[in-house]
Structure formats: structure tokens, C-alpha cells
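The block underneath contains the structure these notes are about, expressed in C-alpha cells.
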Amino acid sequence: MNSENSQDFFRVDNLQKSFGGVRALKGLSFIVAPGTIKAVIGPNGAGKTTLFNLITGIFPPSGGSVSLNGVSINGRKAQEIARMGVSRTFQNVEVFDRMKVLENVMVGRHIQSRAGIISAGLRSVRMRREEREVRQSAFEYLEFVGLEHRAEELAGSLPLGEQKLLEVARALATDPEILLLDEPAGGLNTRETEKLANLIHRIQDRGITVLLVEHDMNLVMDISEEILVMNFGEKIAEGNPRQIKDDPLVIQAYLGEEVDYSDL
């Protein structure tokens with residue numbers, strides 16, 4: 001995490017969000033250095049998913065800013081933010097159940113397609129060539145996450161673990177610079193979580209920065225280079241896994257939560 005441009009790669013500055021009289025985020029600030037894996041943790045209701053929703057344009061912030069490579073992404077539509085290099089998965093899996101697995105990934109790839117509406121309407125040579133390229137690229141992303149054998153099946157027929165992998169493939173198909181993973185290990189068994197950890201490292205190896213929200217503390221401590229801890233919409237700690245594990249404010253925030261550090 002020693003890149004010269006780490007301060008400018010991905011920044012959240014004084015980010016705020018209120019829903020009526022409830023302040024969900026209270027001036028949150030942090031940076032993510034390029035090529036790193038950073039986790040966001042905190043008890044339920046800390047504001048973690050709200051943070052992701054603000055970053056990806058689902059909600060507008062009440063104050064503060066988010067920027068990628070020095071360019072503000074505030075106020076932009078979700079699709080435009082995706083084109084700029086920010087993609088995500090969701091806490092509750094969101095796949096197109098009645099579409100084939102391959103088609104789900106093609107949806108993500110089409111965000112970066114170049115053929116215009118007129119070309120598409122006329123089924124131009126350029127459009128047909130690009131469609132073949134999109135299909136081939138989507139299949140390669142399925143291979144990357146290990147779902148190529150499911151390509152022609154309906155997405156809704158996949159078990160939860162494979163639907164989560166499908167979401168990752170679709171997000172990767174947008175060609176992101178930073179990938180936001182919202183509780184990717186939720187509902188997975190031990191073996192599936194181990195495969196997920198390996199996949200996240202392989203994503204990092206491709207030069208993609210990863211920011212994840214996760215409750216599985218063993219996974220967080222295993223793969224993260226930095227951890228941001230939130231509670232009641234605020235940052236209460238930030239540092240490497242060892243620093244976070246021993247931070248008294250983190251321990252206090254997690255009192256009553258099922259967090260197991262015993263084998264770390």
C-alpha cells in the first residue's frame with residue numbers, strides 16, 4: 001500500500017447520509033490504496049451497506065464526497081459510476097433469475113459496449129461482432145469464477161453459493177478498477193468461504209482493488225491488508241488486522257456480537 005497516487009485513487013471524504021431524522025453516516029472519511037484489499041466491518045446497523053449504496057449511486061449523499069482517480073462520482077447515475085470503474089455485489093443476491101447464467105454476465109459486459117442504439121437496431125456488422133465479443137468475454141469471466149459449466153442454465157436454479165459467484169462474475173465483467181463486495185461470505189459454508197478467499201486474492205492479482213463489507217471475521221483477518229471499523233455511522237478504528245484485533249474500541253463495539261478471534 002505504498003503507491004504514490006494512493007491518496008488520489010479512491011477517497012471518501014466527510015461522507016454523510018440522513019434518512020429523515022436518522023443520521024446513518026456521520027462524516028465518514030477514508031482512502032483505499034490501489035491494488036489492495038480493504039474490509040469494512042461493524043455491528044449490524046453501523047451503516048456499512050448505506051456506505052456502499054452512496055458510493056454506487058443508489059442513494060445521493062447528504063454531504064461529503066466520493067472520488068475515484070481524483071474525479072468526483074457524487075450525483076452520478078449508477079450505470080455511469082460503473083462505467084467509471086466502480087462495481088459491486090449485493091448483500092441479498094440480485095441475479096436475473098429467468099435469464100441464463102451467461103446472459104447475466106453479458107448484462108454486466110454490455111455496460112462497457114461501444115455499439116450505439118442505431119447500430120443495434122440495424123443489426124450492423126459492428127454490432128454483431130461486438131455481441132460475439134461480449135459473449136466470449138462473459139464466458140471467460142464465468143471460467144474465472146468456476147461457473148463455465150453452468151453457462152446455459154437459468155440463474156435462478158443455482159444454489160446460493162454459485163449465485164454469489166455469478167454476481168462476482170457479472171461485476172467483474174464491467175471491467176472495474178475497484179470492486180465492492182457486500183457480505184460475499186454470507187450463507188456460505190467453510191469450504192465455499194475458503195474458495196471465496198482464493199477468488200478474492202485472484203481478483204487482486206488481476207490488479208483490481210477490493211473493498212468488502214463482511215461479518216466473517218476469520219475471512220476478514222485472513223485476506224485484508226487494512227480494516228475500517230464502523231459503529232453508528234462513524235469510523236471508530238482503522239488499521240491492519242493485528243491493530244484492529246487489539247483495539248479496545250473495536251472490542252467494545254462488538255460486545256454481544258458473535259465475533260470469534262480464538263484461532264487468529
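Just remember, in the C-alpha cells the first chain shown is A, the second B, etc., residues are 1-based per chain, and ligands are 1-based in the order shown.
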Find the residues near Thr209 (chain A): any atom within 6 Å, counting only C-alpha atoms, skip ones fewer than 6 places away on the same chain, and give them as a JSON list (two decimals) with N, CA, C and O atoms, in the first residue's frame.
[["chain", "number", "residue", "atom", "x", "y", "z"],
["A", 34, "PRO", "N", -4.64, 1.72, -4.30],
["A", 34, "PRO", "CA", -4.84, 0.84, -5.47],
["A", 34, "PRO", "C", -4.20, -0.52, -5.25],
["A", 34, "PRO", "O", -3.11, -0.64, -4.69],
["A", 35, "GLY", "N", -4.90, -1.55, -5.71],
["A", 35, "GLY", "CA", -4.37, -2.90, -5.65],
["A", 35, "GLY", "C", -4.46, -3.58, -4.31],
["A", 35, "GLY", "O", -3.90, -4.67, -4.14],
["A", 36, "THR", "N", -5.16, -2.99, -3.36],
["A", 36, "THR", "CA", -5.25, -3.56, -2.02],
["A", 36, "THR", "C", -6.62, -4.18, -1.76],
["A", 36, "THR", "O", -7.56, -3.99, -2.53],
["A", 178, "ILE", "N", -12.18, -0.79, -9.01],
["A", 178, "ILE", "CA", -12.42, -1.16, -7.63],
["A", 178, "ILE", "C", -13.73, -1.95, -7.55],
["A", 178, "ILE", "O", -14.74, -1.55, -8.14]]
Exercise: Glu167 (chain A) partners within 6 Å, only C-alpha atoms, chain neighbours under 3 positions left out, as a VMD selection string: chain A and resid 89 164 170
Residue list (helix (DSSP H, G or I), DSSP) for region 58-262 of chain A, as a PyMOL selection string: chain A and resi 78-84+101-110+117-122+125-145+148-150+155-157+160-172+190-205+217-223+241-245+248-253
Selection: 12 Å around Ile236 (chain A), only C-alpha atoms, excl. self and same-chain fewer than 4 positions, as a list in words: Lys26, Gly27, Leu28, Ser29, Phe30, Val40, Ile41, Gly42, Pro43, Ala46, Ile227, Leu228, Val229, Met230, Asn231, Phe232, Ile244, Asp247, Pro248, Leu249, Val250, Ile251, Gln252, Ala253 and Tyr254 of chain A
Nearby residues (only C-alpha atoms) at most 12 Å from region 104-107 of chain A, same-chain spacing under 5 positions excluded, as a PyMOL selection string: chain A and resi 79+94-99+112-113+130-145+147-148+150-156+163+165-175
12 Å contact set for Ser72 (chain A), only C-alpha atoms, chain neighbours under 5 positions out, as an NGL selection string: :A and (8-13 or 55-57 or 64-67 or 80-81 or 84)
From A:Glu177, A:Leu212, A:Ala24, A:Leu219, residue lying nearest Arg191 (chain A) [only C-alpha atoms]: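 Counting only C-alpha atoms, the residue closest to Arg191 (chain A) is A:Leu219.
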Nearest to Ser87 (chain A) by atom-to-atom distance, counting only C-alpha atoms, from A:Leu180, A:Val210, A:Asn69, A:Ser62: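 Between A:Leu180, A:Val210, A:Asn69, A:Ser62, the residue approaching Ser87 (chain A) most closely is A:Leu180.
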Of the listed residues A:Gln91, A:Gly63, A:Leu54, A:Glu238, that which approaches Arg76 (chain A) most closely, counting only C-alpha atoms: A:Leu54
Option closest in space to Arg83 (chain A), from A:Gly20, A:Asp246, A:Ile111, A:Val32 [counting only C-alpha atoms]: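 Of the candidates, the smallest distance to Arg83 (chain A) is held by A:Ile111.
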Strand (DSSP E) per DSSP on the backbone: members of region 62-239 of chain A, as a PyMOL selection string: chain A and resi 63-68+71-72+86-88+178-182+209-213+226-231+234-239
Filtering to N, CA and C atoms, could you give me those residues as an mmCIF file, in the first residue's frame?
data_model
loop_
_atom_site.group_PDB
_atom_site.id
_atom_site.type_symbol
_atom_site.label_atom_id
_atom_site.label_comp_id
_atom_site.auth_asym_id
_atom_site.auth_seq_id
_atom_site.Cartn_x
_atom_site.Cartn_y
_atom_site.Cartn_z
ATOM 1 N N GLY A 63 -24.078 14.858 2.353
ATOM 2 C CA GLY A 63 -22.916 15.722 2.427
ATOM 3 C C GLY A 63 -21.663 14.912 2.187
ATOM 4 N N GLY A 64 -20.558 15.603 1.912
ATOM 5 C CA GLY A 64 -19.301 14.919 1.677
ATOM 6 C C GLY A 64 -19.133 14.490 0.234
ATOM 7 N N SER A 65 -18.077 13.723 -0.028
ATOM 8 C CA SER A 65 -17.783 13.360 -1.412
ATOM 9 C C SER A 65 -17.114 11.998 -1.501
ATOM 10 N N VAL A 66 -17.241 11.396 -2.704
ATOM 11 C CA VAL A 66 -16.544 10.160 -3.060
ATOM 12 C C VAL A 66 -15.861 10.417 -4.393
ATOM 13 N N SER A 67 -14.595 10.034 -4.511
ATOM 14 C CA SER A 67 -13.885 10.275 -5.762
ATOM 15 C C SER A 67 -13.036 9.070 -6.137
ATOM 16 N N LEU A 68 -12.877 8.873 -7.427
ATOM 17 C CA LEU A 68 -12.036 7.821 -7.988
ATOM 18 C C LEU A 68 -11.054 8.467 -8.943
ATOM 19 N N VAL A 71 -11.507 12.142 -9.536
ATOM 20 C CA VAL A 71 -12.737 12.611 -10.165
ATOM 21 C C VAL A 71 -13.919 12.265 -9.261
ATOM 22 N N SER A 72 -14.745 13.261 -8.945
ATOM 23 C CA SER A 72 -15.892 13.033 -8.081
ATOM 24 C C SER A 72 -16.922 12.152 -8.780
ATOM 25 N N VAL A 86 -16.279 1.532 -10.989
ATOM 26 C CA VAL A 86 -16.727 1.081 -9.665
ATOM 27 C C VAL A 86 -17.866 0.082 -9.856
ATOM 28 N N SER A 87 -17.687 -1.132 -9.368
ATOM 29 C CA SER A 87 -18.735 -2.150 -9.496
ATOM 30 C C SER A 87 -18.929 -2.825 -8.159
ATOM 31 N N ARG A 88 -20.063 -3.551 -8.005
ATOM 32 C CA ARG A 88 -20.394 -4.121 -6.703
ATOM 33 C C ARG A 88 -21.229 -5.383 -6.813
ATOM 34 N N ILE A 178 -12.179 -0.789 -9.012
ATOM 35 C CA ILE A 178 -12.423 -1.159 -7.628
ATOM 36 C C ILE A 178 -13.732 -1.946 -7.552
ATOM 37 N N LEU A 179 -13.685 -3.076 -6.854
ATOM 38 C CA LEU A 179 -14.835 -3.958 -6.727
ATOM 39 C C LEU A 179 -15.317 -3.932 -5.287
ATOM 40 N N LEU A 180 -16.600 -3.640 -5.089
ATOM 41 C CA LEU A 180 -17.213 -3.603 -3.776
ATOM 42 C C LEU A 180 -17.994 -4.886 -3.556
ATOM 43 N N LEU A 181 -17.628 -5.633 -2.531
ATOM 44 C CA LEU A 181 -18.284 -6.898 -2.213
ATOM 45 C C LEU A 181 -19.052 -6.737 -0.909
ATOM 46 N N ASP A 182 -20.379 -6.874 -0.961
ATOM 47 C CA ASP A 182 -21.225 -6.682 0.219
ATOM 48 C C ASP A 182 -21.586 -8.036 0.813
ATOM 49 N N THR A 209 -8.702 -3.473 -7.225
ATOM 50 C CA THR A 209 -8.799 -3.148 -5.807
ATOM 51 C C THR A 209 -10.111 -3.686 -5.261
ATOM 52 N N VAL A 210 -10.089 -4.187 -4.032
ATOM 53 C CA VAL A 210 -11.282 -4.779 -3.431
ATOM 54 C C VAL A 210 -11.622 -4.059 -2.127
ATOM 55 N N LEU A 211 -12.867 -3.642 -2.010
ATOM 56 C CA LEU A 211 -13.409 -3.091 -0.769
ATOM 57 C C LEU A 211 -14.580 -3.970 -0.386
ATOM 58 N N LEU A 212 -14.502 -4.621 0.784
ATOM 59 C CA LEU A 212 -15.585 -5.525 1.133
ATOM 60 C C LEU A 212 -16.153 -5.245 2.501
ATOM 61 N N VAL A 213 -17.478 -5.429 2.602
ATOM 62 C CA VAL A 213 -18.194 -5.457 3.874
ATOM 63 C C VAL A 213 -18.388 -6.920 4.221
ATOM 64 N N GLU A 226 -5.993 -3.865 5.119
ATOM 65 C CA GLU A 226 -6.472 -2.821 6.015
ATOM 66 C C GLU A 226 -7.929 -3.091 6.367
ATOM 67 N N ILE A 227 -8.312 -2.642 7.556
ATOM 68 C CA ILE A 227 -9.685 -2.817 8.022
ATOM 69 C C ILE A 227 -10.186 -1.490 8.578
ATOM 70 N N LEU A 228 -11.379 -1.105 8.158
ATOM 71 C CA LEU A 228 -12.068 0.067 8.687
ATOM 72 C C LEU A 228 -13.219 -0.425 9.545
ATOM 73 N N VAL A 229 -13.310 0.068 10.762
ATOM 74 C CA VAL A 229 -14.367 -0.357 11.678
ATOM 75 C C VAL A 229 -15.358 0.784 11.868
ATOM 76 N N MET A 230 -16.642 0.489 11.648
ATOM 77 C CA MET A 230 -17.703 1.473 11.802
ATOM 78 C C MET A 230 -18.619 1.100 12.961
ATOM 79 N N ASN A 231 -19.201 2.121 13.572
ATOM 80 C CA ASN A 231 -20.244 1.920 14.569
ATOM 81 C C ASN A 231 -21.115 3.163 14.592
ATOM 82 N N GLU A 234 -20.139 5.999 12.151
ATOM 83 C CA GLU A 234 -18.856 6.669 12.289
ATOM 84 C C GLU A 234 -17.704 5.677 12.222
ATOM 85 N N LYS A 235 -16.530 6.168 11.874
ATOM 86 C CA LYS A 235 -15.315 5.356 11.934
ATOM 87 C C LYS A 235 -14.790 5.372 13.361
ATOM 88 N N ILE A 236 -14.601 4.171 13.920
ATOM 89 C CA ILE A 236 -14.048 4.115 15.279
ATOM 90 C C ILE A 236 -12.629 3.556 15.294
ATOM 91 N N ALA A 237 -12.208 2.937 14.209
ATOM 92 C CA ALA A 237 -10.843 2.416 14.140
ATOM 93 C C ALA A 237 -10.490 2.127 12.689
ATOM 94 N N GLU A 238 -9.192 2.135 12.411
ATOM 95 C CA GLU A 238 -8.690 1.808 11.072
ATOM 96 C C GLU A 238 -7.247 1.358 11.211
ATOM 97 N N GLY A 239 -6.904 0.271 10.529
ATOM 98 C CA GLY A 239 -5.537 -0.210 10.622
ATOM 99 C C GLY A 239 -5.399 -1.595 10.038
#
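For the residues A:Glu162, A:Ile58, A:Gly21, A:Ala78, ranking by smallest atom-to-atom distance to Val101 (chain A) using only C-alpha atoms places A:Glu162 first.
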All residues 8 Å or closer to Ile223 (chain A), only C-alpha atoms, same chain fewer than 5 positions away omitted, as a list in words: Ile37, Ala197 and His201 of chain A
Take the residues just selected and output them with C-alpha atoms as a compact mmCIF listing (two decimals), in the first residue's frame.
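So the final result, stored in part.txt, reads:
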# COMPACT_ATOMS: atom_id res chain seq x y z
CA ILE A 37 -7.97 -5.45 -0.16
CA ALA A 197 -10.96 -16.14 -0.19
CA HIS A 201 -6.92 -12.94 -3.96
